[in-house]
Amino acid sequence: MEENILNTDPNIVAPVVEEEIEGFRHLNNPADGIKPIVKKYLGIPNSVVQSGNKFYFTDGEAKVEAVVITNEIIRIRVAPHGVFLEDFSYGVPKLEARTTEFKLTEDADEYRISTPNIRCHISKKNFFIAFSDSDNKVTSVDAVPMHWEENTQFGGYYVFGTKVCHPSETFFGLGDKPTELNLRGKRFTNWNTDAYSFQWGQDPLYRTIPFYISVNEGIAHGIFFDNTFKSHFDFGAEDASKTSFWSDGGELQYYYIHGPHMMDVVKRYHILTGTHPMPPMWALGYHQCRWSYYPESKVRVITKGFRDRKIPCDGIYLDIDYMDGYRCFTWNRKYFPDPKKMIADLAADGFKTVVIIDPGIRVDDSYPVFKEGKEKRYFCRRSDDYFMEGHVWPGRCQFPDFTNPEVREWWGGLFDELVQLGVAGVWNDMNEPAVFGAGTFPDDVRHQYDGHRGSHRKAHNVYGMQMVRATYEGLRKILKNKRPFTITRAGYSGLQRYASVWTGDNVASWEHLKIGNIQCQRLSMSGVPFCGTDIGGFSGEPDGELFTRWIQLGTFSPFMRAHSAGDTKEREPWSFGEPFTAINRKFIELRYRLMPYMYSTFWEHHRYGFPILRPVVMQEQDVQSNHFRQDEFTYGDKILVCPVLEPGIQFRTVYLPKGKWYNFWTSELVDGGKEVQVETPLDTIPIFVKAGSVIPEYPVQQYVGELEIEEVKLNVYYSDIEANSFVFEDYGETFAYEQDIYLEKKFQVNGTQTAMTIQQSLEGLYTPRYENYNFSIVGLPFKPANIMVDNKWVTNFTFNNSKLEFRHNKNFKMIKIMK
Ligand code: MIG
């Protein structure tokens, strides 16, 4: 008989003693087939001890710790024999208590830790842990007590948490999973994997983001299972009434993050794991990549191709062939005889050069990087002290242990020469880590893990993040006050502190366009805001239509880069001829026009923890059908985009959240809260702007910084409901913003049938160099007769096709437009 170990019957007191369950197929290792397993559950709590913001409960042997971090975040962890592991996390660099407003109470049924906004209940009957909000509405409750199973091979435990899954509950998050946005009914594993040409539903992929958001009956909460071992999540897949997360080692340790809105959960997740630093503004431009552009003459043909055709571009990438025998930090002098000159020439033409770096270091005593790493014992070793060796591009390789701070420091320093040559960004590949044949390292490889030593089982999922951290921190030192630009394939929660990501080796297919759209939204809501796909698809051949539709999606991906595998045909924005080239140009130009809006959205992320892309469910989580929408999303909260994901489409259905929206192309005003049909000829995709928005716009530039911006266009969308917008400005490439040298402009728009007002307030120490705004007011319901700015009349304005245009000095406080 198969016994249900995930019993939720509250009348059944969980077993206190070790329990043998024959015939249960182990959740972790289906490959093991049938084997007896021994699971142990928390028993009955019999005491509590408080130490500051930490509370310890015990059943006599196991201990549970609850730590109050903020009024909405509590961390739980379990020590099977009462001894907790060292409190160290790559995901959460500083665990600071940010509240003192909590108290412990107790009655016959439970212990209760309360903050002003949430309560954590520890049942005295069965050690179930529950969370509720200040209205006592339970948002999360154990379905069985937390439990574990001894790992006889490696020591430690497999650890399990199981919560009740409600019939209407939906789930989001987990990073880059290539499946429906809503994760309900599915099971996942996190184990960073080089997944060339991955498919819909394939799991795992490149990243481990063990964080999910649940929404039930209008209330959202998040669980961040901060555990770097191979981890697993089940959202009602095995049993529709249970949500489980478990891991092959480490501690059962998770953060409960309260909403009630999904946006609150994401923002609070960023309190724990940090946000992305401001990127240099050029990094938000268009980037062109290929495996590989070489030799130098080819790179010059490509970059010239952009300028000749007037297609904006900021980034040009060198893939592995720039190196000498794929040795990191070297150059193939046959292909690139004078990299310094080439990079300088490209820079003079407005291109930033980004180079790839892999973790595998060629075993070769005449190669200084290898020699030094070997002498200083920086490479990973197996359990018996043999070197971890594997084949990757350079041939036989060893691999730096990036979990060692000394190794990171060394690695970071290696970029000095590349920076002196003018390299502007570093692309970190193969850092899952990937090894030909074997896939990755064997489990027994040892890692220093910042002094908290462990095997590859523990370090695998953070290896890539620590590599790009070494890269980022090294660049940050070398560049001094200039912002580094890095991109990584692998990562763990918190990677956003160091890098942008691309979604890896996708395929040139319509299905992958759809996957990419979902992945970017999902990464965004999982705390990885700066993300993008290989536009066009890495492997395979897109036709012109697919490529153009992908450029259109990419225009609204935070990271916009076209990339393709070496065995494919040419893949530049002009490779498909007309009409595609002109449309691709139009969209890349749109990206540059919207640059100040996108940059401001980035600030909103960096400073306040908002995601950049927001699926409509994040706009309106109370509308249940939104929990199943995954095509349309907003960039920031003002611009809604719905990519076209099928060939030959002349129309598509778009859902607009409640409120009023302007069709970006036609300025037509549309009521939201419903689906609308939108025309989608090849040269447009549905784009809508929320009424009341102020969208700043730059003139088209061929690259960021090409023009001295003399005037910023302010597109103001009339609204009869008061609406707020903001614009962020600063130097665009330094860390002066950390010293508060920036400007946050706040705009408030309000209208009636006879008048409209625009108010501006300024905050910050930065002064932009341009003097004027060029106003374009869309959707005025009346013909304007008078415009007054700060009590002075504006006489020079035009009104055509319901668009009001005039110029004014940027320092205005109040504009009144009257009938
Ligand atoms: O084994 O550097 O995902 O973007 O072009 C392939 C060559 C290694 C995989 C990356 C891809 C890159 C390619 N790399």
# chains A, B, ... in the order shown; residues from 1 in each chain; ligands from 1

$ select_by_dssp --residues "range 606-668 of chain A" --states "helix (DSSP H, G or I)" --output "list in words"
His606, Arg607, Tyr608, Val616, Val617, Met618, Gln619, Gln624, Ser625, Asn626, His627 and Phe628 of chain A

$ write_last_selection --atoms "C-alpha atoms" --output "PDB file, in the first residue's frame"
ATOM      1  CA  HIS A 606      17.466  49.962  -8.687  1.00  0.00           C
ATOM      2  CA  ARG A 607      16.245  52.379  -6.074  1.00  0.00           C
ATOM      3  CA  TYR A 608      12.872  50.952  -5.126  1.00  0.00           C
ATOM      4  CA  VAL A 616      -0.639  42.057 -16.444  1.00  0.00           C
ATOM      5  CA  VAL A 617      -1.315  39.862 -13.430  1.00  0.00           C
ATOM      6  CA  MET A 618       1.002  42.208 -11.547  1.00  0.00           C
ATOM      7  CA  GLN A 619      -1.127  45.146 -12.652  1.00  0.00           C
ATOM      8  CA  GLN A 624      -8.503  35.960 -11.988  1.00  0.00           C
ATOM      9  CA  SER A 625      -8.212  35.634 -15.777  1.00  0.00           C
ATOM     10  CA  ASN A 626      -5.017  37.692 -15.625  1.00  0.00           C
ATOM     11  CA  HIS A 627      -3.387  34.812 -13.770  1.00  0.00           C
ATOM     12  CA  PHE A 628      -3.410  32.923 -17.055  1.00  0.00           C
TER      13      PHE A 628
END

$ residues_around --residues "range 398-404 of chain A" --least-positions-apart "5" --cutoff "6 Å" --atoms "only C-alpha atoms" --output "PyMOL selection string"
chain A and resi 359-361+378-380+389+448-450+466-467

$ write_last_selection --atoms "C-alpha atoms" --output "PDB file, in the first residue's frame"
ATOM      1  CA  PRO A 359      35.572  29.698 -16.664  1.00  0.00           C
ATOM      2  CA  GLY A 360      37.643  26.861 -18.188  1.00  0.00           C
ATOM      3  CA  ILE A 361      41.366  27.628 -18.105  1.00  0.00           C
ATOM      4  CA  TYR A 378      43.172  28.586  -7.270  1.00  0.00           C
ATOM      5  CA  PHE A 379      41.689  25.707  -9.264  1.00  0.00           C
ATOM      6  CA  CYS A 380      38.992  23.386  -8.006  1.00  0.00           C
ATOM      7  CA  GLU A 389      39.651  18.581 -15.029  1.00  0.00           C
ATOM      8  CA  GLN A 448      36.018  27.059  -0.426  1.00  0.00           C
ATOM      9  CA  TYR A 449      32.604  28.724  -0.288  1.00  0.00           C
ATOM     10  CA  ASP A 450      33.839  31.846   1.476  1.00  0.00           C
ATOM     11  CA  GLN A 466      30.385  33.969  -8.102  1.00  0.00           C
ATOM     12  CA  MET A 467      32.208  34.051 -11.418  1.00  0.00           C
TER      13      MET A 467
END

$ residues_near_ligand --ligand "ligand 1" --cutoff "10 Å" --atoms "only C-alpha atoms and all ligand atoms" --output "PyMOL selection string"
chain A and resi 194-197+206+289-292+317-321+326+356-358+392-393+427-431+434-436+488-490+502-506+534+538-539+563-566

$ select_by_dssp --residues "range 397-561 of chain A" --states "strand (DSSP E)" --output "PyMOL selection string"
chain A and resi 397-398+425-428+446-447+454-455+486-488+491-492+500-502+531-532+534-535+560-561

$ atom_distance --atom1 "CA of Gly249 in chain A" --atom2 "CA of Asn190 in chain A"
12.8 Å

$ residues_around --residues "Arg333 in chain A" --least-positions-apart "2" --cutoff "12 Å" --atoms "only C-alpha atoms" --output "mmCIF file with C-alpha atoms, in the first residue's frame"
data_model
loop_
_atom_site.group_PDB
_atom_site.id
_atom_site.type_symbol
_atom_site.label_atom_id
_atom_site.label_comp_id
_atom_site.auth_asym_id
_atom_site.auth_seq_id
_atom_site.Cartn_x
_atom_site.Cartn_y
_atom_site.Cartn_z
ATOM 1 C CA TYR A 294 36.193 37.632 -36.700
ATOM 2 C CA PRO A 295 38.668 38.615 -37.979
ATOM 3 C CA GLU A 296 38.910 42.327 -37.320
ATOM 4 C CA ASP A 321 37.265 33.246 -31.524
ATOM 5 C CA TYR A 322 38.966 36.475 -30.477
ATOM 6 C CA MET A 323 41.081 34.466 -28.073
ATOM 7 C CA ASP A 324 44.248 32.563 -28.737
ATOM 8 C CA GLY A 325 43.183 28.916 -28.624
ATOM 9 C CA THR A 330 44.528 36.385 -24.601
ATOM 10 C CA TRP A 331 44.059 37.548 -28.200
ATOM 11 C CA TYR A 335 42.595 37.679 -36.421
ATOM 12 C CA PHE A 336 43.101 40.715 -34.182
ATOM 13 C CA PRO A 337 46.620 42.060 -34.693
ATOM 14 C CA ASP A 338 45.990 45.310 -32.829
ATOM 15 C CA PRO A 339 42.981 45.051 -30.537
ATOM 16 C CA LYS A 340 43.695 48.393 -28.902
#

$ closest_residue --among "A:Glu646, A:Glu417, A:Asp349, A:Glu668" --to "Arg549 in chain A" --atoms "only C-alpha atoms"
A:Glu646

$ atom_distance --atom1 "CA of Ala143 in chain A" --atom2 "CA of Glu180 in chain A"
25.5 Å

$ atom_distance --atom1 "CA of Ala79 in chain A" --atom2 "CA of Lys63 in chain A"
5.1 Å

$ residues_around --residues "Pro442 in chain A" --least-positions-apart "2" --cutoff "10 Å" --atoms "only C-alpha atoms" --output "PyMOL selection string"
chain A and resi 382-383+388+438-440+444-446+455-457+460

$ residues_around --residues "range 85-89 of chain A" --least-positions-apart "4" --cutoff "9 Å" --atoms "only C-alpha atoms" --output "PDB file with N, CA, C and O atoms, in the first residue's frame"
ATOM      1  N   ALA A  79      16.820  22.871  12.370  1.00  0.00           N
ATOM      2  CA  ALA A  79      18.034  22.117  12.652  1.00  0.00           C
ATOM      3  C   ALA A  79      17.609  20.764  13.232  1.00  0.00           C
ATOM      4  O   ALA A  79      17.132  20.697  14.351  1.00  0.00           O
ATOM      5  N   PRO A  93      23.178  38.922   1.141  1.00  0.00           N
ATOM      6  CA  PRO A  93      24.503  39.287   1.652  1.00  0.00           C
ATOM      7  C   PRO A  93      24.485  39.842   3.069  1.00  0.00           C
ATOM      8  O   PRO A  93      25.402  39.615   3.833  1.00  0.00           O
ATOM      9  N   LYS A  94      23.437  40.577   3.403  1.00  0.00           N
ATOM     10  CA  LYS A  94      23.374  41.143   4.759  1.00  0.00           C
ATOM     11  C   LYS A  94      21.976  40.904   5.299  1.00  0.00           C
ATOM     12  O   LYS A  94      21.002  41.411   4.749  1.00  0.00           O
ATOM     13  N   ASP A 226      16.047  29.745   0.364  1.00  0.00           N
ATOM     14  CA  ASP A 226      17.449  30.109   0.125  1.00  0.00           C
ATOM     15  C   ASP A 226      18.347  28.904   0.405  1.00  0.00           C
ATOM     16  O   ASP A 226      18.930  28.776   1.483  1.00  0.00           O
ATOM     17  N   ASN A 227      18.442  28.055  -0.593  1.00  0.00           N
ATOM     18  CA  ASN A 227      19.195  26.814  -0.454  1.00  0.00           C
ATOM     19  C   ASN A 227      19.856  26.561  -1.808  1.00  0.00           C
ATOM     20  O   ASN A 227      19.183  26.507  -2.834  1.00  0.00           O
ATOM     21  N   THR A 228      21.183  26.433  -1.801  1.00  0.00           N
ATOM     22  CA  THR A 228      21.892  26.380  -3.086  1.00  0.00           C
ATOM     23  C   THR A 228      22.036  24.964  -3.632  1.00  0.00           C
ATOM     24  O   THR A 228      22.496  24.782  -4.760  1.00  0.00           O
ATOM     25  N   GLY A 250      21.817  20.867   2.648  1.00  0.00           N
ATOM     26  CA  GLY A 250      21.688  22.176   3.272  1.00  0.00           C
ATOM     27  C   GLY A 250      20.582  22.203   4.307  1.00  0.00           C
ATOM     28  O   GLY A 250      20.184  21.175   4.842  1.00  0.00           O
ATOM     29  N   GLU A 251      20.094  23.390   4.537  1.00  0.00           N
ATOM     30  CA  GLU A 251      19.126  23.582   5.600  1.00  0.00           C
ATOM     31  C   GLU A 251      17.754  23.859   5.000  1.00  0.00           C
ATOM     32  O   GLU A 251      17.654  24.506   3.967  1.00  0.00           O
ATOM     33  N   ASP A 450      33.600  30.736   0.534  1.00  0.00           N
ATOM     34  CA  ASP A 450      33.839  31.846   1.476  1.00  0.00           C
ATOM     35  C   ASP A 450      34.022  31.363   2.919  1.00  0.00           C
ATOM     36  O   ASP A 450      33.488  31.958   3.871  1.00  0.00           O
ATOM     37  N   HIS A 452      32.998  28.584   4.193  1.00  0.00           N
ATOM     38  CA  HIS A 452      31.953  27.667   4.680  1.00  0.00           C
ATOM     39  C   HIS A 452      31.967  26.420   3.813  1.00  0.00           C
ATOM     40  O   HIS A 452      30.959  26.033   3.239  1.00  0.00           O
TER      41      HIS A 452
END

$ closest_residue --among "A:Leu252, A:Val623, A:Ile695, A:Met560" --to "Ile588 in chain A" --atoms "only C-alpha atoms"
A:Met560

$ residues_around --residues "Phe559 in chain A" --least-positions-apart "6" --cutoff "10 Å" --atoms "only C-alpha atoms" --output "VMD selection string"
chain A and resid 283 to 287 487 500 to 502 520 529 to 534

$ residues_around --residues "Phe172 in chain A" --least-positions-apart "3" --cutoff "8 Å" --atoms "only C-alpha atoms" --output "PyMOL selection string"
chain A and resi 181-183+212-214+522+525

$ write_last_selection --atoms "N, CA and C atoms" --output "compact mmCIF listing (two decimals), in the first residue's frame"
# COMPACT_ATOMS: atom_id res chain seq x y z
N LEU A 181 3.60 31.02 -17.72
CA LEU A 181 3.98 31.97 -16.67
C LEU A 181 3.47 31.50 -15.31
N ASN A 182 2.25 31.03 -15.29
CA ASN A 182 1.65 30.52 -14.05
C ASN A 182 2.14 29.08 -13.85
N LEU A 183 2.77 28.83 -12.71
CA LEU A 183 3.45 27.56 -12.50
C LEU A 183 2.58 26.49 -11.87
N TYR A 212 9.35 31.91 -5.22
CA TYR A 212 8.08 31.97 -5.94
C TYR A 212 7.11 32.90 -5.25
N ILE A 213 6.13 33.34 -6.04
CA ILE A 213 5.07 34.20 -5.53
C ILE A 213 3.78 33.42 -5.63
N SER A 214 3.03 33.40 -4.57
CA SER A 214 1.73 32.74 -4.59
C SER A 214 0.66 33.82 -4.49
N ARG A 522 9.10 36.41 -16.54
CA ARG A 522 9.30 35.60 -15.34
C ARG A 522 10.59 36.01 -14.61
N MET A 525 10.01 39.20 -12.70
CA MET A 525 9.29 39.08 -11.43
C MET A 525 10.01 38.20 -10.45

$ closest_atom_pairs --of "range 417-511 of chain A" --to "range 266-272 of chain A" --cutoff "12 Å" --atoms "only C-alpha atoms" --output "Markdown table"
| residue | atom | partner | partner_atom | distance |
| --- | --- | --- | --- | --- |
| A:Ser493 | CA | A:Tyr269 | CA | 9.7 |
| A:Gly494 | CA | A:His270 | CA | 8.3 |
| A:Leu495 | CA | A:His270 | CA | 11.2 |
| A:Gln496 | CA | A:His270 | CA | 9.5 |
| A:Arg497 | CA | A:His270 | CA | 10.0 |

$ closest_residue --among "A:Gln630, A:Ser140, A:Asn481, A:Thr193" --to "Glu432 in chain A" --atoms "only C-alpha atoms"
A:Thr193

$ closest_atom_pairs --of "range 208-313 of chain A" --to "range 126-134 of chain A" --cutoff "10 Å" --atoms "only C-alpha atoms" --output "Markdown table"
| residue | atom | partner | partner_atom | distance |
| --- | --- | --- | --- | --- |
| A:Ile219 | CA | A:Asp133 | CA | 9.4 |
| A:His221 | CA | A:Phe131 | CA | 9.6 |
| A:Tyr256 | CA | A:Phe131 | CA | 8.0 |
| A:Ile257 | CA | A:Phe131 | CA | 9.7 |
| A:His258 | CA | A:Asp133 | CA | 8.0 |
| A:Gly259 | CA | A:Asp133 | CA | 9.2 |
| A:Pro260 | CA | A:Asp133 | CA | 8.5 |

$ write_last_selection --atoms "N, CA and C atoms" --output "compact mmCIF listing (two decimals), in the first residue's frame"
# COMPACT_ATOMS: atom_id res chain seq x y z
N ILE A 219 -4.63 37.79 -2.28
CA ILE A 219 -3.50 38.14 -1.42
C ILE A 219 -2.26 37.37 -1.88
N HIS A 221 1.81 36.25 -1.42
CA HIS A 221 2.98 36.14 -0.55
C HIS A 221 4.07 35.43 -1.35
N TYR A 256 9.47 33.82 4.45
CA TYR A 256 8.09 34.13 4.11
C TYR A 256 8.06 35.64 3.86
N ILE A 257 7.57 36.03 2.68
CA ILE A 257 7.53 37.45 2.30
C ILE A 257 6.09 37.81 2.02
N HIS A 258 5.56 38.71 2.81
CA HIS A 258 4.16 39.04 2.64
C HIS A 258 3.93 40.08 1.55
N GLY A 259 2.72 40.09 0.98
CA GLY A 259 2.28 41.09 0.00
C GLY A 259 1.62 42.25 0.72
N PRO A 260 0.35 42.53 0.53
CA PRO A 260 -0.62 41.66 -0.13
C PRO A 260 -0.53 41.69 -1.66

$ closest_residue --among "A:Asn136, A:Gln521, A:Gln621, A:Gln753" --to "Ala220 in chain A" --atoms "only C-alpha atoms"
A:Gln621

$ decode --residues "range 643-654 of chain A" --atoms "all heavy atoms" --output "PDB file, in the first residue's frame"
ATOM      1  N   PRO A 643       3.599  41.563 -27.777  1.00  0.00           N
ATOM      2  CA  PRO A 643       4.307  41.145 -28.991  1.00  0.00           C
ATOM      3  C   PRO A 643       3.422  40.265 -29.868  1.00  0.00           C
ATOM      4  O   PRO A 643       2.465  39.664 -29.397  1.00  0.00           O
ATOM      5  CB  PRO A 643       5.487  40.338 -28.439  1.00  0.00           C
ATOM      6  CG  PRO A 643       5.084  39.910 -27.070  1.00  0.00           C
ATOM      7  CD  PRO A 643       4.166  40.976 -26.557  1.00  0.00           C
ATOM      8  N   VAL A 644       3.767  40.228 -31.139  1.00  0.00           N
ATOM      9  CA  VAL A 644       3.072  39.330 -32.066  1.00  0.00           C
ATOM     10  C   VAL A 644       3.891  38.050 -32.135  1.00  0.00           C
ATOM     11  O   VAL A 644       5.078  38.081 -32.447  1.00  0.00           O
ATOM     12  CB  VAL A 644       2.926  39.983 -33.450  1.00  0.00           C
ATOM     13  CG1 VAL A 644       2.338  38.989 -34.443  1.00  0.00           C
ATOM     14  CG2 VAL A 644       2.048  41.221 -33.340  1.00  0.00           C
ATOM     15  N   LEU A 645       3.247  36.932 -31.810  1.00  0.00           N
ATOM     16  CA  LEU A 645       3.983  35.690 -31.596  1.00  0.00           C
ATOM     17  C   LEU A 645       3.657  34.607 -32.609  1.00  0.00           C
ATOM     18  O   LEU A 645       4.035  33.459 -32.440  1.00  0.00           O
ATOM     19  CB  LEU A 645       3.698  35.177 -30.174  1.00  0.00           C
ATOM     20  CG  LEU A 645       4.008  36.186 -29.052  1.00  0.00           C
ATOM     21  CD1 LEU A 645       3.462  35.709 -27.714  1.00  0.00           C
ATOM     22  CD2 LEU A 645       5.513  36.428 -28.947  1.00  0.00           C
ATOM     23  N   GLU A 646       2.941  35.011 -33.664  1.00  0.00           N
ATOM     24  CA  GLU A 646       2.597  34.029 -34.702  1.00  0.00           C
ATOM     25  C   GLU A 646       2.822  34.657 -36.067  1.00  0.00           C
ATOM     26  O   GLU A 646       2.679  35.870 -36.220  1.00  0.00           O
ATOM     27  CB  GLU A 646       1.119  33.655 -34.608  1.00  0.00           C
ATOM     28  CG  GLU A 646       0.783  32.723 -33.471  1.00  0.00           C
ATOM     29  CD  GLU A 646      -0.727  32.631 -33.315  1.00  0.00           C
ATOM     30  OE1 GLU A 646      -1.357  31.920 -34.129  1.00  0.00           O
ATOM     31  OE2 GLU A 646      -1.255  33.289 -32.407  1.00  0.00           O
ATOM     32  N   PRO A 647       3.126  33.825 -37.051  1.00  0.00           N
ATOM     33  CA  PRO A 647       3.338  34.372 -38.401  1.00  0.00           C
ATOM     34  C   PRO A 647       2.019  34.772 -39.059  1.00  0.00           C
ATOM     35  O   PRO A 647       0.960  34.247 -38.708  1.00  0.00           O
ATOM     36  CB  PRO A 647       3.981  33.206 -39.154  1.00  0.00           C
ATOM     37  CG  PRO A 647       3.553  31.973 -38.423  1.00  0.00           C
ATOM     38  CD  PRO A 647       3.364  32.377 -36.985  1.00  0.00           C
ATOM     39  N   GLY A 648       2.113  35.722 -39.968  1.00  0.00           N
ATOM     40  CA  GLY A 648       0.980  36.064 -40.821  1.00  0.00           C
ATOM     41  C   GLY A 648      -0.203  36.692 -40.113  1.00  0.00           C
ATOM     42  O   GLY A 648      -1.317  36.650 -40.605  1.00  0.00           O
ATOM     43  N   ILE A 649       0.039  37.297 -38.973  1.00  0.00           N
ATOM     44  CA  ILE A 649      -1.067  37.813 -38.171  1.00  0.00           C
ATOM     45  C   ILE A 649      -1.360  39.263 -38.544  1.00  0.00           C
ATOM     46  O   ILE A 649      -0.471  40.097 -38.546  1.00  0.00           O
ATOM     47  CB  ILE A 649      -0.684  37.742 -36.674  1.00  0.00           C
ATOM     48  CG1 ILE A 649      -0.532  36.290 -36.235  1.00  0.00           C
ATOM     49  CG2 ILE A 649      -1.689  38.461 -35.812  1.00  0.00           C
ATOM     50  CD1 ILE A 649      -1.824  35.571 -36.076  1.00  0.00           C
ATOM     51  N   GLN A 650      -2.611  39.579 -38.854  1.00  0.00           N
ATOM     52  CA  GLN A 650      -2.986  40.959 -39.163  1.00  0.00           C
ATOM     53  C   GLN A 650      -3.694  41.633 -37.992  1.00  0.00           C
ATOM     54  O   GLN A 650      -3.806  42.861 -37.951  1.00  0.00           O
ATOM     55  CB  GLN A 650      -3.892  40.995 -40.398  1.00  0.00           C
ATOM     56  CG  GLN A 650      -3.195  40.553 -41.681  1.00  0.00           C
ATOM     57  CD  GLN A 650      -1.983  41.414 -42.021  1.00  0.00           C
ATOM     58  OE1 GLN A 650      -2.004  42.621 -41.877  1.00  0.00           O
ATOM     59  NE2 GLN A 650      -0.898  40.779 -42.448  1.00  0.00           N
ATOM     60  N   PHE A 651      -4.181  40.830 -37.065  1.00  0.00           N
ATOM     61  CA  PHE A 651      -4.882  41.332 -35.881  1.00  0.00           C
ATOM     62  C   PHE A 651      -4.473  40.485 -34.700  1.00  0.00           C
ATOM     63  O   PHE A 651      -4.160  39.318 -34.871  1.00  0.00           O
ATOM     64  CB  PHE A 651      -6.413  41.140 -36.037  1.00  0.00           C
ATOM     65  CG  PHE A 651      -7.045  42.145 -36.913  1.00  0.00           C
ATOM     66  CD1 PHE A 651      -7.205  41.886 -38.270  1.00  0.00           C
ATOM     67  CD2 PHE A 651      -7.501  43.350 -36.387  1.00  0.00           C
ATOM     68  CE1 PHE A 651      -7.794  42.818 -39.098  1.00  0.00           C
ATOM     69  CE2 PHE A 651      -8.093  44.282 -37.210  1.00  0.00           C
ATOM     70  CZ  PHE A 651      -8.249  44.025 -38.564  1.00  0.00           C
ATOM     71  N   ARG A 652      -4.505  41.062 -33.536  1.00  0.00           N
ATOM     72  CA  ARG A 652      -4.430  40.189 -32.372  1.00  0.00           C
ATOM     73  C   ARG A 652      -5.218  40.774 -31.204  1.00  0.00           C
ATOM     74  O   ARG A 652      -5.492  41.967 -31.144  1.00  0.00           O
ATOM     75  CB  ARG A 652      -3.013  39.818 -31.992  1.00  0.00           C
ATOM     76  CG  ARG A 652      -2.165  40.873 -31.328  1.00  0.00           C
ATOM     77  CD  ARG A 652      -1.144  40.197 -30.419  1.00  0.00           C
ATOM     78  NE  ARG A 652      -1.842  39.420 -29.388  1.00  0.00           N
ATOM     79  CZ  ARG A 652      -1.292  38.479 -28.642  1.00  0.00           C
ATOM     80  NH1 ARG A 652      -0.033  38.155 -28.810  1.00  0.00           N
ATOM     81  NH2 ARG A 652      -1.991  37.864 -27.711  1.00  0.00           N
ATOM     82  N   THR A 653      -5.557  39.882 -30.279  1.00  0.00           N
ATOM     83  CA  THR A 653      -6.311  40.272 -29.106  1.00  0.00           C
ATOM     84  C   THR A 653      -5.334  40.698 -28.020  1.00  0.00           C
ATOM     85  O   THR A 653      -4.341  40.020 -27.781  1.00  0.00           O
ATOM     86  CB  THR A 653      -7.135  39.077 -28.597  1.00  0.00           C
ATOM     87  OG1 THR A 653      -7.887  38.574 -29.692  1.00  0.00           O
ATOM     88  CG2 THR A 653      -8.045  39.472 -27.468  1.00  0.00           C
ATOM     89  N   VAL A 654      -5.643  41.820 -27.394  1.00  0.00           N
ATOM     90  CA  VAL A 654      -4.798  42.316 -26.314  1.00  0.00           C
ATOM     91  C   VAL A 654      -5.699  42.652 -25.144  1.00  0.00           C
ATOM     92  O   VAL A 654      -6.739  43.287 -25.323  1.00  0.00           O
ATOM     93  CB  VAL A 654      -4.055  43.605 -26.744  1.00  0.00           C
ATOM     94  CG1 VAL A 654      -3.174  44.128 -25.624  1.00  0.00           C
ATOM     95  CG2 VAL A 654      -3.252  43.373 -28.001  1.00  0.00           C
TER      96      VAL A 654
END
